[in-house]
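Participant: Sending over a structure as structure tokens; questions will come in a sec.
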Amino acid sequence: GQVQAVAPMALALHAEGLVPTTLPSSQHALSVAATAQLSGQLAGPDAALALQASLNPVPTAGATPNKFPPQAMHAEVSARLAPWQAQPIVRAQAQWQGLNLAVLWPQAPQTQLSGEASVTPHGKAWRGQVKLRNALPGPWNQLRLPLDSLQADMSYDHAQWALQSVRAMGAGGSLMGSGKFESGQWQGVASLHQVKPGAIDTRLASSPVSGKLQATQSPSGIAFEAQLASAPDQAQAGRSRPALTSLSTLRLQSLQAKGVWARPQLTLSALSIDAQDAHLEGSLAYHLNTQAVQGKLALNLPGMQGSLDGHLASQDGQGALGIKVTDANLASQWLKRWSPMADALQGLGLSGAALFDGRWQGGWQQQGRSLQITASLRAPQ
């Protein structure tokens with residue numbers, strides 16, 4: 001880089017690098033050259049700068065120049081800047097294809113993105129638009145991005161960012177939302193339609209869900225609220241329900257949650273879940289660093305009810321657990337649909353009623369030496 005020491009203070013910066021990679025969904029080796037240039041003048045109120053940046057495939061030995069597969073990574077970014085003006089961006093635009101985020105950032109998922117973006121001045125404000133498509137969608141836990149396409153419109157005015165609209169397609173459904181960022185705080189709202197959790201993470205259920213998500217950042221953390229529900233599965237009507245072998249076969253009927261995420265603690269002030277004839281509701285708090293948990297929960301299954309109220313940490317804890325079995329046969333049949341319980345209950349013919357009460361005092365440190373548990377079981381039949 002060079003900059004002139006006196007007016008007009010001509011500036012010339014240049015950077016370049018080489019990124020080795022392979023084409024998505026193939027083993028074809030490819031190198032991508034990354035370059036960026038910033039040039040212009042810095043002195044005076046009318047100073048202007050030009051920015052150019054690009055990602056381009058590099059020919060390998062024996063390859064025909066400028067002949068690359070259509071999925072080869074390529075990107076172009078250009079902008080004109082007026083650094084000392086109230087509106088510093090005169091214009092900016094970008095186009096890309098075959099963009100694999102994992103190549104540029106190893107922790108990112110594998111992608112094959114194509115699209116365009118632009119920023120244009122509007123008085124003293126900015127307006128921006130992004131359009132992209134992903135030819136390599138997939139579940140997040142398989143290092144893919146569960147997104148097919150995205151279109152967003154945004155603006156910036158007097159230190160306030162506004163996301164007028166965003167529409168994303170992926171995971172078998174769609175998402176529409178909006179939001180804003182002002183004075184270091186942001187808030188957003190999104191509506192989901194027929195999104196399959198199993199397409200986002202294969203360990204979750206595949207039944208599509210719809211609903212609404214809200215989140216607001218505040219000094220106390222990120223306050224959020226979720227209301228989700230699944231549509232009736234017409235294909236499953238009249239057929240036996242699948243075994244509950246994992247979360248992927250646990251059909252979610254509805255979920256309502258309200259809470260605050262203030263790292264390292266997650267607090268759910270209200271939680272209600274209906275899934276596969278089971279109902280769970282209550283409140284819960286969990287500390288990521290200490291693994292301390294506090295909650296008050298009530299669970300209802302066919303033939304059985306349970307409740308938990310208390311807290312448990314490394315050094316202290318206190319609480320109570322209660323289980324009331326009104327129909328052991330009905331409860332055991334439901335539990336047998338869950339694979340881990342099916343083996344334990346195999347061959348057992350249960351019937352009757354029972355009542356279990358338990359209390360604990362103390363924490364789990366030193367392998368629970370200070371933890372005291374008192375429990376009673378009454379099974380008249």
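Numbering starts fresh at 1 for the residues of each chain in the structure tokens, the chains themselves are lettered A, B, ... in the order given, and ligands are numbered from 1 as they appear.
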Using only C-alpha atoms, determine which residues lie at most 8 Å from Lys131 of chain A, disregarding the query and same-chain residues fewer than 2 positions distant; provide the list as a compact mmCIF listing (two decimals) with all heavy atoms, in the first residue's frame.
Facilitator:
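The resulting selection-v9.txt:
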```txt
# COMPACT_ATOMS: atom_id res chain seq x y z
N GLY A 115 -25.84 -15.31 -6.66
CA GLY A 115 -26.76 -14.22 -6.40
C GLY A 115 -26.13 -12.87 -6.60
O GLY A 115 -25.06 -12.73 -7.22
N GLU A 116 -26.80 -11.85 -6.05
CA GLU A 116 -26.34 -10.48 -6.22
C GLU A 116 -26.81 -9.63 -5.06
O GLU A 116 -27.78 -9.98 -4.36
CB GLU A 116 -26.87 -9.89 -7.54
CG GLU A 116 -28.39 -9.91 -7.63
CD GLU A 116 -28.88 -9.47 -9.00
OE1 GLU A 116 -28.05 -9.36 -9.91
OE2 GLU A 116 -30.09 -9.22 -9.14
N ALA A 117 -26.10 -8.52 -4.84
CA ALA A 117 -26.46 -7.58 -3.79
C ALA A 117 -26.12 -6.18 -4.26
O ALA A 117 -25.20 -5.99 -5.08
CB ALA A 117 -25.73 -7.91 -2.49
N GLN A 129 -30.32 -4.40 -1.15
CA GLN A 129 -31.10 -5.56 -1.56
C GLN A 129 -30.16 -6.74 -1.77
O GLN A 129 -29.06 -6.58 -2.30
CB GLN A 129 -31.87 -5.27 -2.85
CG GLN A 129 -32.83 -6.38 -3.26
CD GLN A 129 -33.62 -6.02 -4.50
OE1 GLN A 129 -33.08 -5.96 -5.60
NE2 GLN A 129 -34.92 -5.76 -4.33
N ARG A 133 -29.28 -17.75 -4.12
CA ARG A 133 -29.78 -19.11 -4.28
C ARG A 133 -28.68 -20.07 -3.84
O ARG A 133 -27.49 -19.81 -4.06
CB ARG A 133 -30.18 -19.38 -5.74
CG ARG A 133 -31.34 -18.51 -6.20
CD ARG A 133 -31.51 -18.53 -7.72
NE ARG A 133 -30.33 -17.98 -8.40
CZ ARG A 133 -30.09 -16.69 -8.52
NH1 ARG A 133 -30.92 -15.80 -8.00
NH2 ARG A 133 -29.02 -16.28 -9.17
N SER A 149 -33.23 -20.45 -1.08
CA SER A 149 -33.15 -19.10 -1.65
C SER A 149 -33.49 -18.08 -0.59
O SER A 149 -34.13 -18.40 0.43
CB SER A 149 -34.10 -18.96 -2.85
OG SER A 149 -35.45 -19.08 -2.42
N LEU A 150 -33.05 -16.84 -0.84
CA LEU A 150 -33.32 -15.76 0.11
C LEU A 150 -33.37 -14.45 -0.66
O LEU A 150 -32.57 -14.21 -1.57
CB LEU A 150 -32.23 -15.70 1.19
CG LEU A 150 -32.38 -14.61 2.25
CD1 LEU A 150 -31.96 -15.12 3.63
CD2 LEU A 150 -31.55 -13.37 1.89
N GLN A 151 -34.31 -13.61 -0.27
CA GLN A 151 -34.42 -12.26 -0.81
C GLN A 151 -34.70 -11.31 0.35
O GLN A 151 -35.62 -11.55 1.14
CB GLN A 151 -35.51 -12.16 -1.87
CG GLN A 151 -35.65 -10.76 -2.47
CD GLN A 151 -36.60 -10.73 -3.65
OE1 GLN A 151 -36.89 -11.75 -4.27
NE2 GLN A 151 -37.09 -9.53 -3.99
N ALA A 152 -33.91 -10.24 0.46
CA ALA A 152 -34.05 -9.31 1.57
C ALA A 152 -33.90 -7.88 1.08
O ALA A 152 -33.10 -7.59 0.19
CB ALA A 152 -33.02 -9.60 2.65
```
Participant: Need the shell around segment 363-366 of chain A: protein/DNA/RNA residues with any atom at most 9 Å away, counting only C-alpha atoms. Skip same-chain ones fewer than 5 positions apart. Format as a VMD selection string?
Facilitator: chain A and resid 312 to 318 371 to 372
Participant: Using only C-alpha atoms, which protein or nucleic acid residues come within 6 Å of segment 81-94 of chain A? Drop anything in the same chain fewer than 3 positions from it, and give the result as an MDAnalysis selection string.
Facilitator: chainID A and resid 45 47:49 76:78 116:120 124
Participant: Would you pick out the contacts of His14 of chain A at 12 Å or less, using only C-alpha atoms, so that residues sharing its chain but fewer than 4 positions from it are not included, and give the list as a PDB file with N, CA, C and O atoms, in the first residue's frame?
Facilitator:
```pdb
ATOM      1  N   GLY A   1       0.817  -1.197   0.000  1.00  0.00           N
ATOM      2  CA  GLY A   1       0.000   0.000   0.000  1.00  0.00           C
ATOM      3  C   GLY A   1       0.851   1.246   0.000  1.00  0.00           C
ATOM      4  O   GLY A   1       1.974   1.255   0.514  1.00  0.00           O
ATOM      5  N   GLN A   2       0.331   2.321  -0.582  1.00  0.00           N
ATOM      6  CA  GLN A   2       0.986   3.621  -0.600  1.00  0.00           C
ATOM      7  C   GLN A   2      -0.053   4.714  -0.366  1.00  0.00           C
ATOM      8  O   GLN A   2      -1.178   4.617  -0.841  1.00  0.00           O
ATOM      9  N   VAL A   3       0.356   5.743   0.367  1.00  0.00           N
ATOM     10  CA  VAL A   3      -0.491   6.917   0.543  1.00  0.00           C
ATOM     11  C   VAL A   3       0.398   8.158   0.469  1.00  0.00           C
ATOM     12  O   VAL A   3       1.492   8.198   1.039  1.00  0.00           O
ATOM     13  N   ALA A  34      -7.957 -14.553  -4.777  1.00  0.00           N
ATOM     14  CA  ALA A  34      -8.688 -13.466  -4.129  1.00  0.00           C
ATOM     15  C   ALA A  34      -7.877 -12.187  -4.256  1.00  0.00           C
ATOM     16  O   ALA A  34      -6.686 -12.155  -3.912  1.00  0.00           O
ATOM     17  N   THR A  35      -8.482 -11.128  -4.768  1.00  0.00           N
ATOM     18  CA  THR A  35      -7.802  -9.845  -4.927  1.00  0.00           C
ATOM     19  C   THR A  35      -8.708  -8.718  -4.442  1.00  0.00           C
ATOM     20  O   THR A  35      -9.935  -8.827  -4.487  1.00  0.00           O
ATOM     21  N   ALA A  36      -8.087  -7.634  -3.967  1.00  0.00           N
ATOM     22  CA  ALA A  36      -8.832  -6.451  -3.541  1.00  0.00           C
ATOM     23  C   ALA A  36      -7.973  -5.222  -3.783  1.00  0.00           C
ATOM     24  O   ALA A  36      -6.751  -5.247  -3.522  1.00  0.00           O
ATOM     25  N   GLN A  37      -8.582  -4.160  -4.273  1.00  0.00           N
ATOM     26  CA  GLN A  37      -7.887  -2.909  -4.542  1.00  0.00           C
ATOM     27  C   GLN A  37      -8.733  -1.745  -4.054  1.00  0.00           C
ATOM     28  O   GLN A  37      -9.950  -1.717  -4.268  1.00  0.00           O
ATOM     29  N   LEU A  38      -8.065  -0.787  -3.404  1.00  0.00           N
ATOM     30  CA  LEU A  38      -8.714   0.443  -2.955  1.00  0.00           C
ATOM     31  C   LEU A  38      -7.834   1.607  -3.419  1.00  0.00           C
ATOM     32  O   LEU A  38      -6.656   1.682  -3.056  1.00  0.00           O
ATOM     33  N   SER A  39      -8.396   2.501  -4.198  1.00  0.00           N
ATOM     34  CA  SER A  39      -7.609   3.595  -4.766  1.00  0.00           C
ATOM     35  C   SER A  39      -8.437   4.866  -4.801  1.00  0.00           C
ATOM     36  O   SER A  39      -9.671   4.831  -4.823  1.00  0.00           O
ATOM     37  N   ALA A  50     -12.338   4.239  -4.804  1.00  0.00           N
ATOM     38  CA  ALA A  50     -12.941   3.151  -5.581  1.00  0.00           C
ATOM     39  C   ALA A  50     -12.462   1.823  -5.019  1.00  0.00           C
ATOM     40  O   ALA A  50     -11.256   1.637  -4.785  1.00  0.00           O
ATOM     41  N   LEU A  51     -13.384   0.919  -4.783  1.00  0.00           N
ATOM     42  CA  LEU A  51     -13.070  -0.399  -4.248  1.00  0.00           C
ATOM     43  C   LEU A  51     -13.407  -1.459  -5.282  1.00  0.00           C
ATOM     44  O   LEU A  51     -14.495  -1.442  -5.860  1.00  0.00           O
ATOM     45  N   GLN A  52     -12.477  -2.375  -5.493  1.00  0.00           N
ATOM     46  CA  GLN A  52     -12.701  -3.511  -6.388  1.00  0.00           C
ATOM     47  C   GLN A  52     -12.179  -4.757  -5.685  1.00  0.00           C
ATOM     48  O   GLN A  52     -11.060  -4.764  -5.171  1.00  0.00           O
ATOM     49  N   ALA A  53     -12.985  -5.814  -5.638  1.00  0.00           N
ATOM     50  CA  ALA A  53     -12.560  -7.080  -5.039  1.00  0.00           C
ATOM     51  C   ALA A  53     -13.154  -8.213  -5.854  1.00  0.00           C
ATOM     52  O   ALA A  53     -14.240  -8.080  -6.435  1.00  0.00           O
ATOM     53  N   SER A  54     -12.438  -9.341  -5.890  1.00  0.00           N
ATOM     54  CA  SER A  54     -12.925 -10.449  -6.705  1.00  0.00           C
ATOM     55  C   SER A  54     -12.390 -11.773  -6.199  1.00  0.00           C
ATOM     56  O   SER A  54     -11.352 -11.843  -5.525  1.00  0.00           O
TER      57      SER A  54
END
```
Participant: Can you list every residue of segment 95-173 of chain A that has an atom at most 10 Å from segment 205-217 of chain A, with its nearest atom pair and the distance in Å to one decimal, using only C-alpha atoms, ordered by chain then number, as CSV?
Facilitator:
```
residue,atom,partner,partner_atom,distance
A:Ala171,CA,A:Pro208,CA,9.0
A:Gly172,CA,A:Pro208,CA,7.8
A:Gly173,CA,A:Pro208,CA,7.9
```
Participant: Based on the selection just made, write N, CA, C and O atoms of those residues as a tab-separated table (two decimals), in the first residue's frame.
Facilitator:
```
chain	number	residue	atom	x	y	z
A	171	ALA	N	-35.79	-26.00	3.88
A	171	ALA	CA	-36.29	-26.99	4.83
A	171	ALA	C	-37.73	-27.36	4.52
A	171	ALA	O	-38.53	-27.62	5.43
A	172	GLY	N	-38.10	-27.36	3.25
A	172	GLY	CA	-39.43	-27.76	2.84
A	172	GLY	C	-40.50	-26.70	3.01
A	172	GLY	O	-41.67	-26.94	2.70
A	173	GLY	N	-40.14	-25.51	3.51
A	173	GLY	CA	-41.14	-24.48	3.75
A	173	GLY	C	-40.59	-23.10	3.47
A	173	GLY	O	-39.68	-22.93	2.67
```
Participant: So that I can check the secondary structure, give me every residue of segment 51-146 of chain A assigned strand (DSSP E) by backbone DSSP, as a ChimeraX atom specification.
Facilitator: /A:51-58,74-81,89-99,113-122,125-134
